[in-house]
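Asker: Hey, dropping model-v5.cif in here, mmCIF, C-alpha atoms:
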data_input
loop_
_atom_site.label_atom_id
_atom_site.label_comp_id
_atom_site.auth_asym_id
_atom_site.auth_seq_id
_atom_site.Cartn_x
_atom_site.Cartn_y
_atom_site.Cartn_z
CA MET A 243 57.31 203.52 -129.69
CA THR A 244 59.11 204.84 -126.64
CA GLN A 245 62.44 203.45 -125.57
CA VAL A 246 60.86 201.87 -122.47
CA THR A 247 58.11 199.90 -124.20
CA ARG A 248 60.52 198.53 -126.79
CA LYS A 249 62.84 197.26 -124.09
CA ARG A 250 59.90 195.80 -122.24
CA ARG A 251 58.82 193.91 -125.37
CA ILE A 252 62.27 192.45 -125.92
CA PHE A 253 62.39 191.46 -122.28
CA LEU A 254 59.01 189.71 -122.49
CA LYS A 255 59.94 187.94 -125.70
CA SER A 256 63.19 186.58 -124.36
CA THR A 257 61.77 185.43 -121.04
CA LEU A 258 58.86 183.73 -122.77
CA ALA A 259 61.25 181.88 -125.12
CA THR A 260 63.49 180.66 -122.30
CA SER A 261 60.60 179.47 -120.17
CA LEU A 262 59.10 177.52 -123.08
CA VAL A 263 62.40 175.70 -123.65
CA GLY A 264 62.55 175.04 -119.93
CA ILE A 265 59.08 173.51 -119.92
CA ALA A 266 59.83 171.40 -123.00
CA ALA A 267 63.03 170.03 -121.47
CA GLY A 268 61.37 169.40 -118.14
CA SER A 269 58.45 167.49 -119.60
CA GLY A 270 60.76 165.27 -121.65
CA LEU A 271 59.72 166.72 -125.00
CA LEU A 272 63.34 167.29 -125.84
CA LYS A 273 64.53 163.85 -124.78
CA SER A 274 67.27 162.34 -126.88
CA THR A 275 66.51 159.60 -129.37
CA GLU A 276 68.92 157.28 -127.56
CA THR A 277 67.30 154.57 -125.51
CA LEU A 278 68.50 153.51 -122.10
CA ALA A 279 69.93 150.13 -123.03
CA GLU A 280 73.11 150.55 -125.01
CA TRP A 281 73.97 148.11 -127.81
CA PRO A 282 76.36 145.66 -126.08
CA ALA A 283 79.21 145.58 -128.65
CA ARG A 284 81.41 143.57 -126.30
CA LEU A 285 78.91 140.70 -126.20
CA PHE A 286 78.14 140.82 -129.93
CA ASP A 287 81.86 140.78 -130.82
CA ALA A 288 82.63 137.80 -128.57
CA LYS A 289 83.61 134.55 -130.27
CA ASP A 290 82.28 132.01 -127.77
CA ILE A 291 79.01 131.74 -125.88
CA LYS A 292 80.67 132.05 -122.49
CA SER A 293 81.97 135.57 -123.14
CA ALA A 294 79.01 136.49 -125.36
CA SER A 295 76.74 135.84 -122.38
CA GLY A 296 78.85 137.99 -120.09
CA ASP A 297 80.39 134.91 -118.42
CA ASP A 298 77.03 133.66 -117.17
CA GLU A 299 75.41 131.04 -119.34
CA GLY A 300 72.98 130.03 -116.59
CA THR A 301 71.75 126.65 -115.46
CA THR A 302 70.08 124.21 -117.83
CA SER A 303 66.29 124.37 -117.63
CA THR A 304 63.58 122.13 -119.06
CA ASP A 305 61.09 125.02 -118.84
CA ILE A 306 62.44 126.60 -122.02
CA ILE A 307 61.41 125.51 -125.50
CA ILE A 308 63.32 126.40 -128.65
CA LYS A 309 61.18 125.84 -131.72
CA ALA A 310 63.22 125.48 -134.89
CA PRO A 311 63.36 123.05 -137.80
CA ASP A 312 65.45 119.88 -137.30
CA ILE A 313 66.92 120.43 -140.74
CA ALA A 314 67.13 123.91 -142.22
CA GLU A 315 67.06 124.02 -146.02
CA ASN A 316 68.66 127.45 -146.03
CA GLY A 317 71.06 128.44 -143.25
CA ALA A 318 70.59 132.12 -144.06
CA VAL A 319 66.97 132.05 -142.89
CA VAL A 320 66.25 129.76 -139.95
CA PRO A 321 62.96 130.47 -138.16
CA VAL A 322 63.28 130.23 -134.39
CA THR A 323 60.84 130.71 -131.53
CA VAL A 324 61.91 130.80 -127.91
CA GLU A 325 59.25 130.32 -125.29
CA THR A 326 59.31 129.62 -121.57
CA SER A 327 57.09 129.11 -118.56
CA LEU A 328 59.71 130.69 -116.29
CA PRO A 329 58.37 133.66 -114.29
CA ASN A 330 59.52 137.31 -114.45
CA VAL A 331 61.47 137.00 -117.69
CA GLU A 332 63.60 140.11 -118.18
CA SER A 333 65.51 139.13 -121.28
CA ILE A 334 65.94 136.40 -123.87
CA SER A 335 69.25 136.02 -125.71
CA ILE A 336 69.74 133.79 -128.74
CA PHE A 337 73.14 132.38 -129.67
CA VAL A 338 74.34 130.20 -132.54
CA LYS A 339 77.27 128.13 -131.32
CA GLY A 340 78.77 127.54 -134.77
CA ASN A 341 78.75 131.18 -135.92
CA LEU A 342 81.90 133.31 -135.78
CA HIS A 343 80.06 135.67 -133.43
CA PRO A 344 77.55 133.48 -131.53
CA LEU A 345 75.28 136.19 -130.12
CA SER A 346 72.53 136.85 -132.66
CA ALA A 347 69.91 138.74 -130.72
CA VAL A 348 68.91 139.99 -127.28
CA PHE A 349 65.28 140.77 -126.44
CA ILE A 350 64.57 142.89 -123.38
CA LEU A 351 60.99 142.32 -122.28
CA GLY A 352 58.86 145.02 -120.69
CA PRO A 353 55.51 144.78 -118.90
CA GLY A 354 52.84 142.68 -120.61
CA VAL A 355 55.12 140.99 -123.14
CA GLN A 356 54.89 137.21 -122.97
CA PRO A 357 58.15 135.26 -122.95
CA ASN A 358 57.49 133.93 -126.43
CA ILE A 359 59.51 135.55 -129.22
CA SER A 360 59.83 134.54 -132.86
CA THR A 361 62.45 135.67 -135.33
CA ARG A 362 64.74 134.37 -138.10
CA ILE A 363 68.47 133.91 -137.71
CA LYS A 364 71.51 132.83 -139.74
CA LEU A 365 73.36 129.56 -139.23
CA THR A 366 76.70 129.24 -141.03
CA ARG A 367 76.66 125.48 -140.53
CA THR A 368 74.97 122.72 -138.56
CA SER A 369 75.02 124.00 -135.01
CA GLU A 370 73.32 124.25 -131.68
CA ILE A 371 70.99 127.19 -131.13
CA VAL A 372 71.40 128.22 -127.51
CA THR A 373 69.16 130.55 -125.54
CA VAL A 374 69.90 132.21 -122.22
CA ILE A 375 66.92 133.60 -120.33
CA LYS A 376 67.14 136.01 -117.44
CA SER A 377 64.32 135.26 -115.02
CA GLY A 378 64.38 137.42 -111.91
CA ASP A 379 68.06 137.57 -110.96
CA LYS A 380 68.88 134.09 -112.26
CA ARG A 381 69.78 132.82 -115.71
CA PHE A 382 68.59 129.66 -117.39
CA THR A 383 69.63 128.02 -120.63
CA THR A 384 68.74 125.36 -123.13
CA ALA A 385 70.05 124.29 -126.54
CA ARG A 386 68.74 122.67 -129.70
CA GLU A 387 70.65 121.36 -132.68
CA VAL A 388 69.67 122.43 -136.18
CA LYS A 389 71.20 120.72 -139.20
CA VAL A 390 71.90 122.99 -142.13
CA ALA A 391 71.46 121.52 -145.61
CA SER A 392 73.09 124.49 -147.38
CA GLY A 393 75.02 127.14 -145.51
CA SER A 394 74.51 130.88 -145.65
CA CYS A 395 78.12 131.19 -146.92
CA THR A 396 79.06 133.22 -143.88
CA GLY A 397 76.97 134.00 -140.87
CA MET B 225 52.49 157.17 -139.89
CA ALA B 226 53.67 155.47 -143.04
CA SER B 227 56.83 153.50 -143.37
CA ASN B 228 58.68 152.21 -146.41
CA THR B 229 60.61 149.54 -144.54
CA ILE B 230 58.27 148.19 -141.87
CA LYS B 231 55.21 146.01 -142.25
CA ILE B 232 53.36 145.38 -139.00
CA ARG B 233 50.12 143.82 -137.81
CA ALA B 234 48.71 143.82 -134.29
CA GLN B 235 45.87 141.35 -134.05
CA LEU B 236 43.77 140.94 -130.91
CA ASN B 237 42.86 137.47 -129.65
CA GLY B 238 41.05 137.60 -126.30
CA ASP B 239 43.14 140.10 -124.31
CA ILE B 240 46.35 139.18 -126.08
CA ALA B 241 47.65 141.15 -129.05
CA THR B 242 49.90 139.26 -131.44
CA ILE B 243 52.33 141.67 -133.03
CA LYS B 244 54.01 140.49 -136.22
CA SER B 245 56.47 142.64 -138.11
CA LEU B 246 58.73 142.45 -141.14
CA ILE B 247 61.46 144.99 -141.81
CA ASN B 248 63.16 145.48 -145.17
CA HIS B 249 66.88 145.52 -144.42
CA PRO B 250 69.97 143.84 -145.94
CA MET B 251 71.35 142.76 -142.51
CA GLU B 252 74.93 142.46 -143.82
CA ASN B 253 77.20 141.04 -141.14
CA GLY B 254 80.42 142.36 -142.67
CA GLN B 255 81.78 138.89 -143.46
CA ARG B 256 80.23 138.26 -146.86
CA LYS B 257 82.18 138.82 -150.04
CA ASP B 258 80.75 140.32 -153.20
CA SER B 259 80.64 137.43 -155.69
CA LYS B 260 81.76 139.67 -158.58
CA THR B 261 84.42 141.90 -157.07
CA GLY B 262 85.56 139.60 -154.25
CA GLU B 263 85.47 142.53 -151.90
CA ILE B 264 84.00 142.25 -148.42
CA ILE B 265 80.57 143.83 -148.14
CA ALA B 266 80.55 146.32 -145.28
CA ALA B 267 78.52 145.48 -142.20
CA HIS B 268 75.08 147.02 -142.38
CA PHE B 269 72.54 145.71 -139.92
CA ILE B 270 69.83 146.81 -137.52
CA GLU B 271 71.23 147.22 -134.03
CA GLU B 272 68.07 148.07 -132.20
CA VAL B 273 64.32 147.64 -132.56
CA VAL B 274 62.05 149.27 -129.98
CA CYS B 275 58.34 148.59 -129.60
CA ASP B 276 56.17 151.05 -127.69
CA PHE B 277 52.68 150.11 -126.55
CA ASN B 278 50.45 153.09 -125.77
CA GLY B 279 53.62 155.12 -125.38
CA ASN B 280 55.46 152.74 -123.05
CA THR B 281 58.43 150.70 -124.24
CA ILE B 282 57.53 147.03 -123.95
CA LEU B 283 60.23 145.38 -126.04
CA THR B 284 63.78 146.29 -126.98
CA ALA B 285 65.58 144.00 -129.39
CA GLN B 286 69.33 144.28 -129.83
CA TRP B 287 70.50 142.58 -133.00
CA SER B 288 73.70 141.64 -134.77
CA GLY B 289 74.32 140.74 -138.40
CA GLY B 290 73.37 137.21 -137.30
CA VAL B 291 69.70 138.03 -137.76
CA SER B 292 68.42 137.10 -141.23
CA LYS B 293 67.98 139.57 -144.07
CA ASN B 294 64.59 141.31 -144.00
CA PRO B 295 64.10 140.49 -140.30
CA TYR B 296 60.92 139.01 -138.90
CA LEU B 297 59.85 139.65 -135.33
CA ALA B 298 56.72 138.35 -133.60
CA PHE B 299 55.60 138.47 -129.97
CA ASN B 300 52.48 138.69 -127.79
CA VAL B 301 51.29 141.41 -125.45
CA GLN B 302 48.89 140.65 -122.64
CA GLY B 303 46.18 143.04 -121.47
CA ALA B 304 45.59 144.56 -124.90
CA LYS B 305 42.40 145.92 -126.42
CA THR B 306 41.24 147.15 -129.82
CA GLY B 307 42.63 150.58 -130.63
CA ASP B 308 45.77 150.32 -128.47
CA ALA B 309 48.71 152.08 -130.14
CA VAL B 310 51.66 149.99 -131.24
CA ALA B 311 54.76 151.83 -132.44
CA LEU B 312 57.84 150.13 -133.84
CA LYS B 313 61.12 151.81 -134.66
CA TRP B 314 64.51 150.54 -135.77
CA LYS B 315 68.00 151.99 -135.96
CA ASP B 316 70.98 150.47 -137.79
CA ASN B 317 74.76 150.66 -137.41
CA LYS B 318 74.96 153.37 -140.09
CA GLY B 319 72.51 155.59 -138.23
CA ASP B 320 69.56 154.99 -140.56
CA SER B 321 66.20 154.51 -138.90
CA ASP B 322 62.50 154.19 -139.54
CA SER B 323 59.32 153.92 -137.51
CA ILE B 324 55.65 153.07 -137.85
CA GLU B 325 52.57 153.26 -135.66
CA VAL B 326 49.45 151.11 -135.94
CA LYS B 327 46.40 150.31 -133.83
CA VAL B 328 45.50 146.91 -132.43
CA THR B 329 42.69 145.45 -134.54
CA GLY B 330 40.07 143.02 -133.33
#
Show this structure as structure tokens.
Answerer:
Amino acid sequence: MTQVTRKRRIFLKSTLATSLVGIAAGSGLLKSTETLAEWPARLFDAKDIKSASGDDEGTTSTDIIIKAPDIAENGAVVPVTVETSLPNVESISIFVKGNLHPLSAVFILGPGVQPNISTRIKLTRTSEIVTVIKSGDKRFTTAREVKVASGSCTG
Amino acid sequence: MASNTIKIRAQLNGDIATIKSLINHPMENGQRKDSKTGEIIAAHFIEEVVCDFNGNTILTAQWSGGVSKNPYLAFNVQGAKTGDAVALKWKDNKGDSDSIEVKVTG
């Protein structure tokens, strides 16, 4: 192999490699595993609903339904469903007033997802479950008391 | 794609898919004490669950240790049809993660 062809090969190899990486990065193939919404530690660490909701608990609405048992046998596993007829729901947050850290979960809804979410949460003691729903640029809230027959020790 | 920690079903009803999932996870909130040693059990909980529908993110759940052990999550997606791809992935505060992908069934 002559000196020229060898150099040419190396040149081709390296340019091909760089352009492939460039294409991969450009098309989003190399996107990071991180999602856009960062886990809001400040809200989850808060000890009252006011600060856990980012100082905006919203106005009370009758268009929100919290489905949960009146009396929970086991505070460690309390089924809860939040549903609403409010339009353009962007997010649903669920708080437990009596827990050390009230904010339990935040659900950010994308296109097509109905504002009707079911999960299971912990209640340290008899407490109100509070939900704050972001609908358009406004926030709405409602609460429902659940009595706990036996606590989850700590929630 | 198989998963050891996620069970998921996406059932079509009309044009609405009901997605129900169960994740195996201790969801320790960092406040419980070990009944034998009396030592506090370190926080270990899922921080984020993301659901993609045909490649687009449709639901992001941010959780604390206030969500019950072996979390359950159910929701409905409008405008769905049989064969649509539903992917669910979770990530916890220790950096562990898992994911699964299923099709909507009629």
Asker: Show me, as an MDAnalysis selection string, the residues of chain A whose atoms get within 9 Å of chain B, using all atoms listed in the file for the distance check.
Answerer: chainID A and resid 277 279:282 286 318:321 323 338 341 343:365 395:397
Asker: Choose the residue, out of B:Asp322, B:Asn278, B:Ile243, B:Met251, that has the smallest atom-to-atom separation from Ile265 in chain B; count only C-alpha atoms.
Answerer: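 Using only C-alpha atoms, Ile265 in chain B sits closest to B:Met251.
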Asker: Just the number, please: distance in Å from CA of Gly378 in chain A to CA of Asp287 in chain A, one decimal.
Answerer: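 Atom-to-atom, CA of Gly378 in chain A and CA of Asp287 in chain A are spaced 26.0 Å apart.
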Asker: Would you kindly translate the PyMOL selection byres ((chain B and resi 329) around 6) into the concrete residues it picks from this file, as a list in words?
Answerer: Gln235, Leu236, Thr306, Val328 and Gly330 of chain B
Asker: With all atoms listed in the file as the atoms that count, which of B:Glu263, B:Asp258, B:Asp239, B:Ile270 lies nearest to Ser321 in chain B?
Answerer: B:Ile270
Asker: Given the file shown, determine the residues that the PyMOL selection byres ((chain B and resi 311) around 8) selects; report them as a CSV table (one decimal) with C-alpha atoms, in the frame of the given file.
Answerer:
chain,number,residue,atom,x,y,z
B,275,CYS,CA,58.3,148.6,-129.6
B,276,ASP,CA,56.2,151.0,-127.7
B,277,PHE,CA,52.7,150.1,-126.6
B,279,GLY,CA,53.6,155.1,-125.4
B,309,ALA,CA,48.7,152.1,-130.1
B,310,VAL,CA,51.7,150.0,-131.2
B,312,LEU,CA,57.8,150.1,-133.8
B,313,LYS,CA,61.1,151.8,-134.7
B,323,SER,CA,59.3,153.9,-137.5
B,324,ILE,CA,55.6,153.1,-137.8
B,325,GLU,CA,52.6,153.3,-135.7
B,326,VAL,CA,49.4,151.1,-135.9
Asker: Point out the residue among A:Ala283, A:Val331, A:Ala310, A:Ile291 with the least atom-to-atom distance to Arg381 in chain A, counting only C-alpha atoms.
Answerer: A:Val331
Asker: Could you name the residues that touch Arg367 in chain A at 7 Å or less, counting all atoms listed in the file, but leaving out those on the same chain fewer than 2 positions away, as a list of chain:residue names?
Answerer: A:Gly317, A:Gly340, A:Leu365, A:Ser369, A:Val390, A:Gly393
Asker: As an exercise, work out the distance from CA of Glu315 in chain A to CA of Lys292 in chain A in Å and give it to one decimal place.
Answerer: 28.3 Å
Asker: Using only C-alpha atoms, pick whichever of B:His268, B:Ile247, B:Ser259, B:Ile230 has the shortest atom-to-atom distance to Asp320 in chain B.
Answerer: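 Among B:His268, B:Ile247, B:Ser259, B:Ile230, it is B:His268 that comes nearest to Asp320 in chain B.
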Asker: Suppose you want the space between CA of Thr373 in chain A and CA of Phe337 in chain A; what is it in Å?
Answerer: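 Atom-to-atom, CA of Thr373 in chain A and CA of Phe337 in chain A are spaced 6.0 Å apart.
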Asker: Go through A:Thr301, A:Ile308, A:Ala314, A:Ile334 and flag the residue nearest Ile371 in chain A, using all atoms listed in the file for the distances.
Answerer: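 Going through A:Thr301, A:Ile308, A:Ala314, A:Ile334 one by one, the smallest distance to Ile371 in chain A is for A:Ile308.
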Asker: The centre and edge lengths of an axis-aligned box containing all atoms of range 302-321 of chain A present in the file, extended by 5 Å on each side, are to be given in Å to one decimal, as AutoDock Vina command-line options.
Answerer:
--center_x 66.1 --center_y 126.0 --center_z -131.8 --size_x 20.0 --size_y 22.2 --size_z 38.4
